[in-house]
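Report on the following structure.
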Amino acid sequence: MLTWVDDGTPLPPASSALGRDSDAPGLVAAGGSLWPARLEEAYGKGLFPWFSPGQPVLWWSPDPRMVLPTAQFRLSHSLRKTLRRFLRTPGSEVRFDTAFAQVIDACARTPRRGQDGSWIVPALAQAYSAWHAAGRVHSVETWVDGDLVGGLYFVNLGRMCFGESMFARRGDASKIALAAFVAAALQRDIPLIDCQQNTAHLATFGAREIPRREFLAHLALTHGAAAPVEWTYDESAWARLAL
């Protein structure tokens, strides 16, 4: 049976999610509103919000869970060449947290693979923007000659990161941002990036599915109650990818 929550009700544990034989496997709860403290509670429990316009807030924890082990990040030969060329081209740069509003807006305008629209409804964009202001959500941005051409945004709690969404306006621009994100995560001793759900695109970079119980065990050891981490671009981080 699905649990309904209001703003004064704690979210239930991920283990209470609906099973695979249900109409909504991985759905944990419905209801309540979105604000930074609620999001921090949810992510700390291995839950995330995902819902369509007109629906209540829906809280999910799929089983299995798609994750990207940062030490196993795979760079194709062509992307490695693209990165090398990008890094030596004047006017090409990676930035962190200089255009978060533009990044989440661009992600919201980008349909998910195999879907007609974006999952980033206005309420979600507003909530993650407020969480960004609190220092928990960050953007990685690919810039060329002063134009934002691609990027992504992610959540960071302690030594745990949660990738949220990417966009590209030029070829490989989101992949460059992803590579920069992984390099920065490795530099900060972050072993795993949560990708939430399986996509063939993420699998090409080394992402894989693990049982939810394994994900939750890792989360319990890494997300902690640490103060927000400052994410800034450091060119030396690229050495972590052995370019």
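Starting from 1 in every chain, residues are counted up; chains themselves are A, B, ... following the order of the structure tokens, and ligands are numbered from 1 as listed.
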Per residue of stretch 37-116 of chain A within 10 Å of stretch 136-147 of chain A, which atom pair is closest and at what distance in Å (one decimal), using only C-alpha atoms, listed by chain and increasing number, as a tab-separated table?
```
residue	atom	partner	partner_atom	distance
A:Leu39	CA	A:Arg136	CA	9.9
A:Glu40	CA	A:Arg136	CA	8.6
A:Phe86	CA	A:Val144	CA	9.1
A:Thr89	CA	A:Val144	CA	9.2
A:Pro90	CA	A:Asp145	CA	8.0
A:Gly91	CA	A:Asp145	CA	4.6
A:Ser92	CA	A:Val144	CA	4.5
A:Glu93	CA	A:Trp143	CA	5.2
A:Val94	CA	A:Thr142	CA	4.9
A:Arg95	CA	A:Glu141	CA	5.1
A:Phe96	CA	A:Val140	CA	4.7
A:Asp97	CA	A:Ser139	CA	4.9
A:Thr98	CA	A:Ser139	CA	7.7
A:Ala99	CA	A:Ser139	CA	7.3
A:Phe100	CA	A:Ser139	CA	5.5
A:Ala101	CA	A:Ser139	CA	9.0
A:Gln102	CA	A:Ser139	CA	9.5
A:Val103	CA	A:Ser139	CA	6.9
A:Ile104	CA	A:Ser139	CA	8.2
```
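For stretch 195-201 of chain A, the set of protein, DNA and RNA residues having any atom at most 9 Å away, when counting only C-alpha atoms and skipping those fewer than 4 positions along the same chain, is Phe48, Ser61, Pro62, Asp63, Pro64, Arg65, Met66, Val67, Leu68, Arg113, Phe162, Gly163, Glu164, Phe205, Ala207, Arg208 and Glu209 of chain A.
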Can you list every residue in stretch 97-240 of chain A that DSSP puts in strand (DSSP E or B), as a PyMOL selection string? chain A and resi 137-144+147-157+160-168+192-196+208-210
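Checking A:Leu2, A:Leu18, A:Ser52, A:Pro36 one by one against A:Ala133, counting only C-alpha atoms, you find the shortest gap at A:Pro36.
Closest approach to A:Thr232 among A:Ala24, A:Leu202, A:Ala184, A:Leu58: A:Ala184, based on only C-alpha atoms.
Restricting the calculation to only C-alpha atoms, the smallest distance between A:Leu192 and any of A:Gly158, A:Pro69, A:Gly54, A:Pro25 is found for A:Pro69.
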Select from stretch 9-208 of chain A everything DSSP, run on the backbone, classes as alpha helix (DSSP H), then give the selection as an mmCIF file with N, CA and C atoms, in the first residue's frame.
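Output contents, as saved in states_28.cif:
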```cif
data_model
loop_
_atom_site.group_PDB
_atom_site.id
_atom_site.type_symbol
_atom_site.label_atom_id
_atom_site.label_comp_id
_atom_site.auth_asym_id
_atom_site.auth_seq_id
_atom_site.Cartn_x
_atom_site.Cartn_y
_atom_site.Cartn_z
ATOM 1 N N PRO A 36 14.222 22.619 0.586
ATOM 2 C CA PRO A 36 15.547 22.020 0.774
ATOM 3 C C PRO A 36 15.646 20.990 1.894
ATOM 4 N N ALA A 37 15.067 21.261 3.067
ATOM 5 C CA ALA A 37 15.175 20.295 4.160
ATOM 6 C C ALA A 37 14.500 18.973 3.809
ATOM 7 N N ARG A 38 13.395 19.034 3.081
ATOM 8 C CA ARG A 38 12.700 17.809 2.667
ATOM 9 C C ARG A 38 13.540 17.038 1.651
ATOM 10 N N LEU A 39 14.150 17.761 0.720
ATOM 11 C CA LEU A 39 15.005 17.112 -0.260
ATOM 12 C C LEU A 39 16.207 16.464 0.419
ATOM 13 N N GLU A 40 16.792 17.140 1.388
ATOM 14 C CA GLU A 40 17.940 16.565 2.095
ATOM 15 C C GLU A 40 17.535 15.302 2.848
ATOM 16 N N GLU A 41 16.357 15.314 3.452
ATOM 17 C CA GLU A 41 15.855 14.108 4.105
ATOM 18 C C GLU A 41 15.684 12.979 3.088
ATOM 19 N N ALA A 42 15.066 13.315 1.963
ATOM 20 C CA ALA A 42 14.792 12.294 0.951
ATOM 21 C C ALA A 42 16.074 11.675 0.418
ATOM 22 N N TYR A 43 17.020 12.499 0.007
ATOM 23 C CA TYR A 43 18.249 11.973 -0.569
ATOM 24 C C TYR A 43 19.049 11.177 0.454
ATOM 25 N N GLY A 44 19.008 11.612 1.705
ATOM 26 C CA GLY A 44 19.678 10.862 2.750
ATOM 27 C C GLY A 44 19.094 9.486 2.968
ATOM 28 N N HIS A 77 37.702 6.514 -27.079
ATOM 29 C CA HIS A 77 38.857 7.111 -27.760
ATOM 30 C C HIS A 77 38.485 8.462 -28.370
ATOM 31 N N SER A 78 37.296 8.537 -28.968
ATOM 32 C CA SER A 78 36.889 9.790 -29.616
ATOM 33 C C SER A 78 36.651 10.891 -28.583
ATOM 34 N N LEU A 79 36.040 10.545 -27.431
ATOM 35 C CA LEU A 79 35.808 11.573 -26.415
ATOM 36 C C LEU A 79 37.124 12.018 -25.789
ATOM 37 N N ARG A 80 38.063 11.112 -25.638
ATOM 38 C CA ARG A 80 39.379 11.485 -25.111
ATOM 39 C C ARG A 80 40.040 12.510 -26.032
ATOM 40 N N LYS A 81 39.934 12.280 -27.345
ATOM 41 C CA LYS A 81 40.490 13.235 -28.310
ATOM 42 C C LYS A 81 39.761 14.563 -28.234
ATOM 43 N N THR A 82 38.431 14.507 -28.102
ATOM 44 C CA THR A 82 37.641 15.736 -27.994
ATOM 45 C C THR A 82 38.044 16.542 -26.771
ATOM 46 N N LEU A 83 38.238 15.878 -25.640
ATOM 47 C CA LEU A 83 38.637 16.564 -24.413
ATOM 48 C C LEU A 83 40.001 17.220 -24.567
ATOM 49 N N ARG A 84 40.945 16.514 -25.149
ATOM 50 C CA ARG A 84 42.280 17.088 -25.341
ATOM 51 C C ARG A 84 42.222 18.335 -26.218
ATOM 52 N N ARG A 85 41.422 18.251 -27.284
ATOM 53 C CA ARG A 85 41.291 19.400 -28.178
ATOM 54 C C ARG A 85 40.596 20.555 -27.468
ATOM 55 N N PHE A 86 39.545 20.235 -26.706
ATOM 56 C CA PHE A 86 38.808 21.262 -25.964
ATOM 57 C C PHE A 86 39.715 21.997 -24.984
ATOM 58 N N LEU A 87 40.535 21.263 -24.263
ATOM 59 C CA LEU A 87 41.360 21.858 -23.210
ATOM 60 C C LEU A 87 42.472 22.744 -23.751
ATOM 61 N N PHE A 100 23.889 28.443 -12.775
ATOM 62 C CA PHE A 100 23.000 27.344 -12.396
ATOM 63 C C PHE A 100 21.598 27.524 -12.976
ATOM 64 N N ALA A 101 21.064 28.723 -12.891
ATOM 65 C CA ALA A 101 19.700 28.950 -13.382
ATOM 66 C C ALA A 101 19.588 28.617 -14.868
ATOM 67 N N GLN A 102 20.606 28.970 -15.650
ATOM 68 C CA GLN A 102 20.595 28.666 -17.077
ATOM 69 C C GLN A 102 20.699 27.161 -17.312
ATOM 70 N N VAL A 103 21.501 26.489 -16.498
ATOM 71 C CA VAL A 103 21.683 25.052 -16.675
ATOM 72 C C VAL A 103 20.393 24.292 -16.388
ATOM 73 N N ILE A 104 19.754 24.568 -15.259
ATOM 74 C CA ILE A 104 18.545 23.805 -14.928
ATOM 75 C C ILE A 104 17.412 24.148 -15.894
ATOM 76 N N ASP A 105 17.377 25.387 -16.380
ATOM 77 C CA ASP A 105 16.367 25.743 -17.381
ATOM 78 C C ASP A 105 16.605 24.986 -18.680
ATOM 79 N N ALA A 106 17.873 24.879 -19.097
ATOM 80 C CA ALA A 106 18.183 24.142 -20.327
ATOM 81 C C ALA A 106 17.882 22.655 -20.160
ATOM 82 N N CYS A 107 18.175 22.104 -18.978
ATOM 83 C CA CYS A 107 17.858 20.699 -18.728
ATOM 84 C C CYS A 107 16.350 20.473 -18.770
ATOM 85 N N ALA A 108 15.600 21.424 -18.221
ATOM 86 C CA ALA A 108 14.142 21.296 -18.208
ATOM 87 C C ALA A 108 13.557 21.348 -19.615
ATOM 88 N N PRO A 122 8.119 22.743 -13.189
ATOM 89 C CA PRO A 122 8.490 23.999 -12.516
ATOM 90 C C PRO A 122 8.712 23.870 -11.012
ATOM 91 N N ALA A 123 7.890 23.068 -10.324
ATOM 92 C CA ALA A 123 8.054 22.920 -8.874
ATOM 93 C C ALA A 123 9.409 22.302 -8.531
ATOM 94 N N LEU A 124 9.858 21.357 -9.352
ATOM 95 C CA LEU A 124 11.164 20.751 -9.117
ATOM 96 C C LEU A 124 12.281 21.755 -9.372
ATOM 97 N N ALA A 125 12.181 22.497 -10.463
ATOM 98 C CA ALA A 125 13.208 23.491 -10.774
ATOM 99 C C ALA A 125 13.333 24.512 -9.650
ATOM 100 N N GLN A 126 12.214 24.956 -9.119
ATOM 101 C CA GLN A 126 12.236 25.926 -8.019
ATOM 102 C C GLN A 126 12.869 25.321 -6.769
ATOM 103 N N ALA A 127 12.529 24.065 -6.469
ATOM 104 C CA ALA A 127 13.050 23.426 -5.264
ATOM 105 C C ALA A 127 14.562 23.211 -5.358
ATOM 106 N N TYR A 128 15.041 22.740 -6.507
ATOM 107 C CA TYR A 128 16.472 22.501 -6.640
ATOM 108 C C TYR A 128 17.245 23.812 -6.715
ATOM 109 N N SER A 129 16.622 24.849 -7.228
ATOM 110 C CA SER A 129 17.268 26.169 -7.233
ATOM 111 C C SER A 129 17.437 26.683 -5.809
ATOM 112 N N ALA A 130 16.433 26.463 -4.967
ATOM 113 C CA ALA A 130 16.552 26.856 -3.562
ATOM 114 C C ALA A 130 17.608 26.018 -2.861
ATOM 115 N N TRP A 131 17.687 24.743 -3.208
ATOM 116 C CA TRP A 131 18.707 23.869 -2.602
ATOM 117 C C TRP A 131 20.096 24.256 -3.084
ATOM 118 N N HIS A 132 20.181 24.716 -4.331
ATOM 119 C CA HIS A 132 21.454 25.242 -4.847
ATOM 120 C C HIS A 132 21.900 26.440 -4.011
ATOM 121 N N ALA A 133 20.978 27.324 -3.693
ATOM 122 C CA ALA A 133 21.312 28.497 -2.876
ATOM 123 C C ALA A 133 21.806 28.086 -1.493
ATOM 124 N N ALA A 173 29.134 18.421 -25.758
ATOM 125 C CA ALA A 173 29.249 19.431 -24.699
ATOM 126 C C ALA A 173 28.815 18.883 -23.341
ATOM 127 N N SER A 174 27.766 18.053 -23.298
ATOM 128 C CA SER A 174 27.348 17.468 -22.025
ATOM 129 C C SER A 174 28.343 16.397 -21.573
ATOM 130 N N LYS A 175 28.959 15.695 -22.531
ATOM 131 C CA LYS A 175 29.948 14.674 -22.175
ATOM 132 C C LYS A 175 31.193 15.315 -21.568
ATOM 133 N N ILE A 176 31.559 16.478 -22.063
ATOM 134 C CA ILE A 176 32.699 17.205 -21.488
ATOM 135 C C ILE A 176 32.385 17.589 -20.048
ATOM 136 N N ALA A 177 31.166 18.076 -19.813
ATOM 137 C CA ALA A 177 30.759 18.436 -18.456
ATOM 138 C C ALA A 177 30.752 17.206 -17.552
ATOM 139 N N LEU A 178 30.280 16.073 -18.063
ATOM 140 C CA LEU A 178 30.259 14.851 -17.267
ATOM 141 C C LEU A 178 31.676 14.415 -16.907
ATOM 142 N N ALA A 179 32.582 14.464 -17.865
ATOM 143 C CA ALA A 179 33.969 14.088 -17.589
ATOM 144 C C ALA A 179 34.585 15.011 -16.540
ATOM 145 N N ALA A 180 34.294 16.304 -16.628
ATOM 146 C CA ALA A 180 34.803 17.250 -15.635
ATOM 147 C C ALA A 180 34.216 16.966 -14.258
ATOM 148 N N PHE A 181 32.947 16.606 -14.214
ATOM 149 C CA PHE A 181 32.276 16.247 -12.962
ATOM 150 C C PHE A 181 32.950 15.035 -12.328
ATOM 151 N N VAL A 182 33.190 13.989 -13.116
ATOM 152 C CA VAL A 182 33.817 12.778 -12.593
ATOM 153 C C VAL A 182 35.233 13.078 -12.104
ATOM 154 N N ALA A 183 35.992 13.853 -12.875
ATOM 155 C CA ALA A 183 37.353 14.198 -12.461
ATOM 156 C C ALA A 183 37.346 14.949 -11.132
ATOM 157 N N ALA A 184 36.414 15.886 -10.979
ATOM 158 C CA ALA A 184 36.306 16.649 -9.732
ATOM 159 C C ALA A 184 35.864 15.756 -8.578
ATOM 160 N N ALA A 185 34.971 14.800 -8.861
ATOM 161 C CA ALA A 185 34.528 13.873 -7.822
ATOM 162 C C ALA A 185 35.683 12.987 -7.366
ATOM 163 N N LEU A 186 36.478 12.494 -8.301
ATOM 164 C CA LEU A 186 37.645 11.703 -7.946
ATOM 165 C C LEU A 186 38.611 12.518 -7.087
ATOM 166 N N GLN A 187 38.789 13.773 -7.438
ATOM 167 C CA GLN A 187 39.677 14.641 -6.678
ATOM 168 C C GLN A 187 39.187 14.819 -5.240
ATOM 169 N N ALA A 200 20.982 3.321 -21.472
ATOM 170 C CA ALA A 200 22.094 2.792 -22.260
ATOM 171 C C ALA A 200 23.191 3.840 -22.416
ATOM 172 N N HIS A 201 22.791 5.114 -22.478
ATOM 173 C CA HIS A 201 23.761 6.195 -22.633
ATOM 174 C C HIS A 201 24.738 6.224 -21.461
ATOM 175 N N LEU A 202 24.237 6.159 -20.231
ATOM 176 C CA LEU A 202 25.108 6.185 -19.065
ATOM 177 C C LEU A 202 25.951 4.921 -18.974
ATOM 178 N N ALA A 203 25.411 3.802 -19.430
ATOM 179 C CA ALA A 203 26.167 2.551 -19.381
ATOM 180 C C ALA A 203 27.437 2.633 -20.212
#
```
I want to know what sits within 6 Å of stretch 216-222 of chain A, based on only C-alpha atoms, with residues of the same chain fewer than 3 positions away left out; could you give that as an mmCIF file with C-alpha atoms, in the first residue's frame?
```
data_model
loop_
_atom_site.group_PDB
_atom_site.id
_atom_site.type_symbol
_atom_site.label_atom_id
_atom_site.label_comp_id
_atom_site.auth_asym_id
_atom_site.auth_seq_id
_atom_site.Cartn_x
_atom_site.Cartn_y
_atom_site.Cartn_z
ATOM 1 C CA ARG A 159 31.073 11.997 -0.050
ATOM 2 C CA MET A 160 28.016 11.113 -2.114
ATOM 3 C CA ARG A 213 20.191 -2.582 -0.491
#
```
Please report the interatomic distance between atom CA of A:Ser16 and atom CA of A:Tyr153 in Å with one decimal. 28.2 Å
